[in-house]
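See below for data.cif, which holds mmCIF, C-alpha atoms and all ligand atoms.
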```cif
data_my_file
loop_
_atom_site.label_atom_id
_atom_site.label_comp_id
_atom_site.auth_asym_id
_atom_site.auth_seq_id
_atom_site.Cartn_x
_atom_site.Cartn_y
_atom_site.Cartn_z
CA MET A 210 47.28 11.77 42.43
CA ALA A 211 43.85 10.22 41.76
CA LEU A 212 41.11 12.80 41.23
CA PRO A 213 38.64 13.25 44.09
CA GLN A 214 35.41 11.25 43.79
CA LYS A 215 33.27 14.03 45.23
CA VAL A 216 33.57 17.80 44.93
CA ARG A 217 31.95 20.53 47.02
CA ILE A 218 30.85 23.51 44.96
CA VAL A 219 30.64 26.81 46.83
CA GLU A 220 28.29 28.98 44.77
CA VAL A 221 29.46 32.60 45.09
CA GLY A 222 27.09 34.15 42.53
CA PRO A 223 24.85 35.99 45.01
CA ARG A 224 27.95 37.66 46.55
CA ASP A 225 30.94 37.74 44.17
CA GLY A 226 28.62 37.55 41.17
CA LEU A 227 26.53 40.56 42.12
CA GLN A 228 28.80 42.76 44.26
CA ASN A 229 30.14 44.60 41.22
CA GLU A 230 26.75 45.42 39.68
CA ALA A 231 26.40 49.19 39.34
CA THR A 232 22.59 49.14 39.58
CA GLN A 233 21.16 47.93 42.87
CA VAL A 234 19.78 44.42 42.49
CA PRO A 235 16.72 44.11 44.75
CA ALA A 236 17.11 41.83 47.79
CA SER A 237 14.08 39.88 46.55
CA VAL A 238 15.99 38.94 43.39
CA LYS A 239 19.04 37.83 45.39
CA ILE A 240 16.78 35.73 47.61
CA GLU A 241 15.04 34.15 44.62
CA LEU A 242 18.44 33.36 43.08
CA ILE A 243 19.57 31.67 46.31
CA HIS A 244 16.36 29.64 46.40
CA ARG A 245 16.85 28.49 42.82
CA LEU A 246 20.48 27.57 43.49
CA GLN A 247 19.60 25.49 46.54
CA ASP A 248 16.81 23.81 44.59
CA ALA A 249 19.44 22.86 41.99
CA GLY A 250 21.26 20.93 44.70
CA ILE A 251 24.01 23.38 45.67
CA GLY A 252 24.97 22.79 49.28
CA ILE A 253 27.03 25.89 50.02
CA ILE A 254 25.87 29.31 48.85
CA GLU A 255 27.85 32.45 49.70
CA ALA A 256 24.82 34.59 50.34
CA THR A 257 26.09 38.13 50.91
CA ALA A 258 28.82 40.27 52.51
CA PHE A 259 28.77 42.17 55.80
CA VAL A 260 31.24 44.74 54.49
CA SER A 261 31.00 48.51 54.63
CA PRO A 262 28.12 49.76 52.42
CA LYS A 263 30.32 52.75 51.58
CA TRP A 264 32.82 50.37 50.01
CA VAL A 265 30.39 47.96 48.35
CA PRO A 266 26.90 49.51 48.12
CA GLN A 267 25.48 46.44 46.34
CA MET A 268 25.84 44.39 49.55
CA ALA A 269 24.10 46.97 51.79
CA ASP A 270 20.97 44.79 51.86
CA ASN A 271 22.87 41.94 53.57
CA ALA A 272 20.51 41.63 56.55
CA ASP A 273 17.42 41.68 54.29
CA VAL A 274 18.87 38.93 52.13
CA MET A 275 19.68 36.77 55.16
CA ALA A 276 16.22 37.37 56.64
CA GLY A 277 14.48 36.49 53.38
CA ILE A 278 16.15 33.16 52.66
CA GLN A 279 14.06 30.08 53.37
CA ARG A 280 16.92 27.95 54.53
CA LYS A 281 17.06 24.44 53.17
CA PRO A 282 18.21 21.88 55.74
CA GLY A 283 21.82 20.91 55.18
CA VAL A 284 22.66 23.98 53.08
CA ILE A 285 25.33 26.36 54.42
CA TYR A 286 25.16 30.10 53.71
CA PRO A 287 28.62 31.67 54.28
CA VAL A 288 28.93 35.47 54.37
CA LEU A 289 31.97 37.71 53.95
CA VAL A 290 33.10 39.43 57.14
CA PRO A 291 36.00 41.93 57.15
CA ASN A 292 35.97 43.07 60.79
CA MET A 293 34.17 42.86 64.16
CA LYS A 294 31.44 45.24 63.02
CA GLY A 295 30.69 42.89 60.14
CA LEU A 296 30.74 39.86 62.42
CA GLU A 297 28.29 41.42 64.86
CA ALA A 298 25.89 42.15 62.01
CA ALA A 299 26.41 38.66 60.56
CA ILE A 300 25.64 37.06 63.92
CA ALA A 301 22.51 39.21 64.30
CA ALA A 302 21.44 38.05 60.83
CA GLY A 303 21.87 34.39 61.82
CA ALA A 304 24.88 33.60 59.63
CA ASP A 305 26.20 30.05 60.02
CA GLU A 306 29.58 30.56 58.42
CA ALA A 307 31.91 33.55 58.02
CA VAL A 308 34.52 34.16 55.36
CA VAL A 309 37.49 36.37 56.16
CA PHE A 310 39.42 37.60 53.14
CA GLY A 311 43.08 38.49 53.15
CA ALA A 312 45.42 39.21 50.26
CA ALA A 313 48.86 38.07 49.18
CA THR A 314 50.02 41.60 48.27
CA GLU A 315 50.15 44.83 50.26
CA SER A 316 48.64 46.92 47.45
CA PHE A 317 45.59 44.72 47.07
CA SER A 318 45.08 44.47 50.83
CA LYS A 319 45.15 48.27 51.07
CA ARG A 320 42.75 48.78 48.14
CA ASN A 321 40.30 46.09 49.20
CA THR A 322 40.30 46.44 52.98
CA ASN A 323 42.17 49.69 53.68
CA CYS A 324 44.88 48.05 55.75
CA SER A 325 48.17 46.17 55.43
CA ILE A 326 48.27 42.38 55.11
CA ASP A 327 49.27 41.91 58.75
CA GLU A 328 46.78 44.49 60.06
CA GLY A 329 44.09 42.59 58.16
CA LEU A 330 45.25 39.28 59.60
CA ALA A 331 45.13 40.72 63.13
CA ARG A 332 41.51 41.83 62.51
CA PHE A 333 40.62 38.43 61.09
CA ALA A 334 42.15 36.66 64.10
CA GLU A 335 39.82 38.66 66.36
CA VAL A 336 36.86 37.91 64.06
CA ALA A 337 37.72 34.20 63.88
CA LYS A 338 38.06 33.88 67.64
CA ALA A 339 34.69 35.52 68.28
CA ALA A 340 32.99 33.65 65.44
CA ILE A 341 34.23 30.27 66.58
CA ALA A 342 33.14 31.09 70.14
CA HIS A 343 29.64 31.65 68.67
CA GLY A 344 29.73 28.29 66.89
CA ILE A 345 30.26 29.94 63.49
CA LYS A 346 32.77 28.21 61.24
CA VAL A 347 35.30 30.39 59.44
CA ARG A 348 36.76 30.05 55.95
CA GLY A 349 39.73 32.12 54.84
CA ASP A 350 40.09 33.47 51.31
CA ILE A 351 43.43 34.70 49.98
CA SER A 352 43.13 37.15 47.08
CA VAL A 353 45.63 37.72 44.28
CA CYS A 354 47.44 34.39 44.72
CA LEU A 355 48.13 34.12 41.00
CA GLY A 356 48.77 37.74 40.10
CA CYS A 357 47.95 41.20 41.41
CA PRO A 358 46.44 44.08 39.43
CA TYR A 359 48.83 46.48 41.21
CA GLU A 360 51.99 44.42 41.80
CA GLY A 361 51.99 41.84 39.00
CA GLU A 362 53.63 38.49 39.79
CA VAL A 363 53.06 37.10 43.28
CA ALA A 364 55.57 34.79 44.97
CA PRO A 365 54.04 31.58 46.38
CA ALA A 366 55.82 32.40 49.67
CA ALA A 367 53.58 35.47 50.06
CA VAL A 368 50.51 33.22 49.74
CA VAL A 369 51.97 30.74 52.22
CA HIS A 370 52.47 33.54 54.79
CA VAL A 371 48.76 34.43 54.70
CA ALA A 372 47.65 30.79 54.56
CA GLN A 373 49.62 29.94 57.69
CA ALA A 374 48.14 32.88 59.56
CA LEU A 375 44.57 31.92 58.52
CA ASP A 376 45.27 28.35 59.60
CA ALA A 377 46.65 29.46 62.96
CA MET A 378 43.53 31.54 63.70
CA GLY A 379 41.26 28.54 63.14
CA CYS A 380 39.99 28.80 59.56
CA TYR A 381 38.71 25.33 58.70
CA GLU A 382 39.30 25.90 55.01
CA ILE A 383 41.69 28.13 53.09
CA THR A 384 40.89 29.25 49.57
CA VAL A 385 43.53 30.13 47.01
CA CYS A 386 41.94 32.86 44.90
CA ASP A 387 42.90 34.04 41.42
CA THR A 388 41.21 37.42 41.67
CA ILE A 389 42.12 38.65 38.19
CA GLY A 390 42.22 35.34 36.33
CA THR A 391 45.85 35.62 35.21
CA GLY A 392 46.76 32.18 36.55
CA THR A 393 47.64 29.30 34.28
CA ALA A 394 47.71 25.59 35.09
CA GLY A 395 51.43 25.47 35.95
CA LYS A 396 51.24 28.52 38.22
CA THR A 397 48.12 27.17 39.88
CA ARG A 398 49.83 23.89 40.62
CA ARG A 399 52.94 25.65 42.00
CA VAL A 400 51.05 27.85 44.43
CA ILE A 401 48.79 25.01 45.60
CA GLU A 402 51.79 22.76 46.15
CA ALA A 403 53.55 25.51 48.12
CA VAL A 404 50.54 26.00 50.42
CA ALA A 405 49.94 22.24 50.70
CA ARG A 406 53.36 21.86 52.31
CA HIS A 407 51.81 23.63 55.32
CA ILE A 408 48.04 23.03 55.12
CA PRO A 409 46.44 19.64 54.39
CA ILE A 410 45.09 19.64 50.84
CA GLU A 411 41.66 18.48 52.15
CA ARG A 412 41.41 21.86 53.89
CA MET A 413 42.18 23.90 50.78
CA ALA A 414 39.80 25.25 48.14
CA GLY A 415 40.14 27.04 44.79
CA HIS A 416 38.48 30.25 43.53
CA PHE A 417 39.33 31.13 39.95
CA HIS A 418 38.14 34.14 38.01
CA ASP A 419 37.95 33.54 34.27
CA THR A 420 39.32 36.78 32.84
CA TYR A 421 41.84 35.00 30.58
CA GLY A 422 39.68 31.95 29.87
CA GLN A 423 41.89 29.74 32.05
CA ALA A 424 39.61 29.06 34.98
CA VAL A 425 38.28 25.60 34.03
CA THR A 426 41.84 24.50 33.27
CA ASN A 427 42.95 25.86 36.62
CA VAL A 428 40.15 23.95 38.33
CA TYR A 429 41.43 20.80 36.65
CA ALA A 430 45.02 21.54 37.71
CA ALA A 431 43.80 22.02 41.28
CA LEU A 432 41.78 18.78 41.12
CA GLU A 433 44.94 16.98 40.08
CA CYS A 434 46.64 18.39 43.18
CA GLY A 435 43.82 16.91 45.30
CA ILE A 436 41.65 19.98 45.89
CA ALA A 437 37.99 19.00 46.18
CA THR A 438 36.25 22.30 46.98
CA PHE A 439 35.73 25.04 44.39
CA ASP A 440 34.05 28.41 44.41
CA SER A 441 32.18 29.26 41.24
CA SER A 442 29.50 31.65 40.09
CA VAL A 443 26.34 30.79 38.19
CA SER A 444 26.54 32.12 34.60
CA GLY A 445 30.08 33.30 35.30
CA LEU A 446 28.86 36.48 36.95
CA GLY A 447 31.11 38.65 39.02
CA GLY A 448 34.31 40.49 39.71
CA CYS A 449 35.87 42.48 42.49
CA PRO A 450 35.30 46.25 42.58
CA TYR A 451 38.90 46.68 43.77
CA ALA A 452 40.47 44.57 41.00
CA LYS A 453 40.28 46.63 37.80
CA GLY A 454 39.54 44.60 34.69
CA ALA A 455 38.76 41.38 36.55
CA THR A 456 35.75 39.58 35.17
CA GLY A 457 33.56 36.94 36.71
CA ASN A 458 34.31 33.70 38.44
CA VAL A 459 34.44 30.48 36.59
CA ALA A 460 30.84 29.62 35.67
CA THR A 461 29.31 26.97 37.92
CA GLU A 462 27.72 25.33 34.86
CA ASP A 463 31.17 24.98 33.21
CA VAL A 464 32.72 23.46 36.34
CA LEU A 465 29.75 21.10 36.64
CA TYR A 466 30.15 20.05 33.00
CA LEU A 467 33.81 19.23 33.69
CA LEU A 468 33.01 17.32 36.89
CA ASP A 469 30.05 15.43 35.38
CA GLY A 470 32.33 14.41 32.51
CA LEU A 471 34.89 13.07 34.98
CA GLY A 472 32.19 11.16 36.87
CA ILE A 473 32.82 13.27 39.98
CA GLU A 474 29.82 13.57 42.29
CA THR A 475 28.45 17.02 43.20
CA GLY A 476 24.73 16.49 43.82
CA ILE A 477 23.90 19.35 41.42
CA ASP A 478 21.25 19.18 38.68
CA MET A 479 22.57 20.84 35.50
CA GLN A 480 19.14 21.76 34.07
CA LYS A 481 18.01 23.44 37.28
CA LEU A 482 21.35 25.22 37.57
CA ILE A 483 21.05 26.55 34.02
CA ALA A 484 17.52 27.70 34.83
CA ALA A 485 18.86 29.60 37.88
CA GLY A 486 21.41 31.22 35.56
CA ASP A 487 18.66 32.13 33.05
CA TYR A 488 16.74 33.77 35.87
CA ILE A 489 19.53 36.07 37.05
CA CYS A 490 20.75 36.83 33.52
CA GLY A 491 17.17 37.74 32.62
CA VAL A 492 16.97 40.19 35.52
CA LEU A 493 20.36 41.70 34.68
CA GLY A 494 19.49 41.79 30.96
CA ARG A 495 22.65 40.07 29.82
CA PRO A 496 23.58 36.74 28.26
CA THR A 497 25.18 33.99 30.29
CA LEU A 498 28.97 33.74 30.19
CA SER A 499 28.79 29.98 30.65
CA ARG A 500 29.82 28.17 27.48
CA ALA A 501 28.30 24.92 28.76
CA ALA A 502 24.95 26.60 29.53
CA ARG A 503 24.85 28.18 26.06
CA ALA A 504 25.69 24.90 24.33
CA ILE A 505 23.19 22.85 26.34
CA ARG A 506 20.46 25.44 25.67
CA ALA A 507 21.29 25.53 21.94
CA LYS A 508 21.13 21.74 21.70
CA ALA A 509 17.74 21.65 23.43
CA ALA A 510 16.28 24.36 21.16
P1 LIG B 1 37.49 51.58 56.51
O1 LIG B 1 36.90 52.73 55.77
O2 LIG B 1 38.94 51.59 56.82
O3 LIG B 1 36.66 51.22 57.84
O4 LIG B 1 37.15 50.28 55.66
P2 LIG B 1 36.36 52.03 59.15
O5 LIG B 1 36.43 51.05 60.25
O6 LIG B 1 37.21 53.27 59.21
O7 LIG B 1 34.84 52.45 58.95
C1 LIG B 1 34.41 53.34 57.95
C2 LIG B 1 32.88 53.37 57.92
O8 LIG B 1 32.39 52.09 57.47
C3 LIG B 1 32.27 53.59 59.27
O9 LIG B 1 31.02 54.26 59.05
C4 LIG B 1 32.00 52.21 59.79
O10 LIG B 1 30.97 52.14 60.72
C5 LIG B 1 31.59 51.50 58.51
P3 LIG B 1 30.85 55.82 59.38
O11 LIG B 1 31.24 55.95 60.82
O12 LIG B 1 31.78 56.54 58.45
O13 LIG B 1 29.39 56.05 59.09
N1 LIG B 1 31.90 50.06 58.55
C6 LIG B 1 31.00 49.10 58.33
N2 LIG B 1 29.69 49.13 58.04
C7 LIG B 1 29.06 47.96 57.89
N3 LIG B 1 29.69 46.76 57.96
C8 LIG B 1 31.00 46.70 58.25
C9 LIG B 1 31.70 47.90 58.45
N4 LIG B 1 32.98 48.16 58.73
C10 LIG B 1 33.08 49.50 58.81
N5 LIG B 1 31.61 45.49 58.32
C11 LIG B 1 36.64 47.95 55.58
C12 LIG B 1 37.60 49.00 56.04
C13 LIG B 1 37.31 46.60 55.73
C14 LIG B 1 35.35 48.02 56.38
C15 LIG B 1 36.31 48.22 54.07
O14 LIG B 1 37.52 48.34 53.38
C16 LIG B 1 35.49 47.14 53.43
O15 LIG B 1 34.30 46.98 53.74
N6 LIG B 1 36.09 46.41 52.48
C17 LIG B 1 35.42 45.31 51.80
C18 LIG B 1 35.66 45.41 50.32
C19 LIG B 1 34.94 44.29 49.62
O16 LIG B 1 33.88 43.83 50.04
N7 LIG B 1 35.53 43.81 48.49
C20 LIG B 1 34.94 42.76 47.72
C21 LIG B 1 34.94 41.44 48.41
S1 LIG B 1 36.53 40.65 48.39
C22 LIG B 1 36.55 39.85 46.86
O17 LIG B 1 35.70 40.02 46.04
C23 LIG B 1 37.64 38.85 46.63
C24 LIG B 1 37.17 37.39 46.77
O18 LIG B 1 36.12 37.10 45.87
C25 LIG B 1 38.34 36.46 46.49
C26 LIG B 1 39.06 36.83 45.19
O19 LIG B 1 38.47 36.72 44.12
O20 LIG B 1 40.20 37.28 45.33
C27 LIG B 1 36.68 37.11 48.20
MG MG B 2 36.36 36.62 43.80
#
```

Before anything else, please render the file you have as structure tokens.
Ligand code: HMG
Ligand code: MG
Amino acid sequence: MALPQKVRIVEVGPRDGLQNEATQVPASVKIELIHRLQDAGIGIIEATAFVSPKWVPQMADNADVMAGIQRKPGVIYPVLVPNMKGLEAAIAAGADEAVVFGAATESFSKRNTNCSIDEGLARFAEVAKAAIAHGIKVRGDISVCLGCPYEGEVAPAAVVHVAQALDAMGCYEITVCDTIGTGTAGKTRRVIEAVARHIPIERMAGHFHDTYGQAVTNVYAALECGIATFDSSVSGLGGCPYAKGATGNVATEDVLYLLDGLGIETGIDMQKLIAAGDYICGVLGRPTLSRAARAIRAKAA
């Protein structure tokens, strides 16, 4: 299959990238990061999560973050929503897109959302119905599609079950997520092909954590399958508090380097993106995990 000519990058740094930080990152920093990312040309920025603050304290400032963003016309700011309580708060905060997040294994579903897969799907169906009635679009993420920290290998059929349910409840896009980065190119292709037998590939997205250094390769494997929307995190920040040992998402700079090299259009300015990464890494006091950002900086020095 020919590679897509255009790719949509969903920047998840402000949410996935920061949710695991032990020290509270001030809302003002999250807002500044979002502003820098939108200035770099990113069109979709996952801004925060309306989850329980007892479960993820780092996202407790969700309403402050939403209130502080100077929204750029055309940019979408999706937020994670696990239940009706989260949706009500997201609506009050003026969210324009909600992300429900299911899992392909029972153990991960229980650890991440304290319910079984099907209980979670029933909650999401209620959330999706109410969100859509409010004019809020809904994306559906599926965790642990390429391996589970508690159950190991995951059968593509388990991913398909969740994907079909998310599709039936009205999710406009369904994201295959490699939560712990154990996926390889062949596995990635197999699971995408299994889901694509039921959901049009144009409505699928990829979300790859880079724990084993495979994420850029998995993005390429997904591109070859026809996927044209990818989640990524500036500087490779991130991880899920309920997935032990999982490191950050694929770095947005590394995905952009791949896409620029393939002549695929994204609308993102690499220098401004690297500067956004420098900003958040400076605040966190840690070096970027993006190989491309490091190399481009070193060359310019
Ligand atoms: P629970 O404890 O079963 O919920 O958690 P509950 O309904 O029994 O409520 C417990 C307390 O939380 C109550 O407060 C509720 O009001 C409150 P109390 O009465 O004790 O004072 N509460 C809330 N507060 C604010 N916002 C809410 C909310 N809901 C309940 N929305 C629940 C169930 C789903 C809420 C919890 O498990 C949860 O919040 N889980 C989210 C965990 C999470 O955010 N994980 C990281 C994001 S997912 C991820 O990173 C993966 C992804 O990147 C893809 C990939 O890589 O795989 C997306
Ligand atoms: Mg993630």

Let me know the centre plus edge lengths, in Å and rounded to one decimal, of a box with edges along x, y and z that contains all listed atoms of ligand LIG 1 (chain B) and is padded by 3 Å on every side, as lines of an AutoDock Vina configuration file.
```
center_x = 34.6
center_y = 46.5
center_z = 52.5
size_x = 17.1
size_y = 26.1
size_z = 22.7
```

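By all atoms listed in the file, and with residues fewer than 2 positions from Gly379 of chain A along its chain excluded, the set lying at most 9 Å from it is A:Ala334, A:Ala337, A:Lys338, A:Ile341, A:Lys346, A:Val347, A:Arg348, A:Ala374, A:Leu375, A:Asp376, A:Ala377, A:Tyr381, A:Glu382.
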
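Computed from the coordinates, the atom CA of Gly329 of chain A to atom N5 of ligand LIG 1 (chain B) distance equals 12.8 Å.
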
Any idea what's packed within 6 Å of segment 439-456 of chain A, counting only C-alpha atoms, ignoring anything in its chain fewer than 6 positions away? Could you give it as a PyMOL selection string?
-> chain A and resi 218-222+225-227+229+321+389+414-416+420+486+497-499

Might you pull out every residue within 10 Å of Lys294 of chain A, with all atoms listed in the file counted and same-chain residues fewer than 5 positions away left off, and present them as a count of residues only?
-> 5

Using all atoms listed in the file, collect all residues at a distance of at most 12 Å from (28.0, 40.0, 53.0) as written in the file, then present them as a ChimeraX atom specification.
-> /A:221,223-225,227-228,239,254-262,264-275,286-292,294-300,302,304,306-310

Using all atoms listed in the file, find all polymer residues with an atom at most 9 Å away from the point (20.6, 24.3, 44.2); report them as number ranges by chain.
-> A: 243-254, 476-478, 481-482, 485

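Nearest to ligand MG 2 (chain B) of all the residues A:Ala394, A:Ala437, A:Met210, A:Val459 is A:Val459, based on only C-alpha atoms and all ligand atoms.
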
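Distance-wise, atom O15 of ligand LIG 1 (chain B) and atom CA of Gly311 of chain A end up 12.2 Å apart.
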
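Between atom C16 of ligand LIG 1 (chain B) and atom CA of Val353 of chain A the separation is 16.6 Å.
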
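Among the candidates A:Ala501, A:Thr388, A:Tyr429, A:Ile401, the one nearest to ligand MG 2 (chain B) when counting all atoms listed in the file is A:Thr388.
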
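Taking all atoms listed in the file into account, ligand LIG 1 (chain B) lies nearest to A:Ala312 out of the set A:Leu330, A:Ala312, A:Ala431, A:Leu493.
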
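Nearest residue to Cys386 of chain A, choosing from A:Gln423, A:Ser352, A:Thr438, A:Ser237 and counting all atoms listed in the file: A:Ser352.
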
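Proximity to ligand LIG 1 (chain B) was assessed for A:Ile483, A:Val385, A:Ala367, A:Val238 counting only C-alpha atoms and all ligand atoms; the smallest distance is recorded for A:Val385.
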
Between A:Ala403, A:Leu355, A:Leu242, A:Ile285, single out the one closest to ligand LIG 1 (chain B), counting all atoms listed in the file.
-> A:Leu355
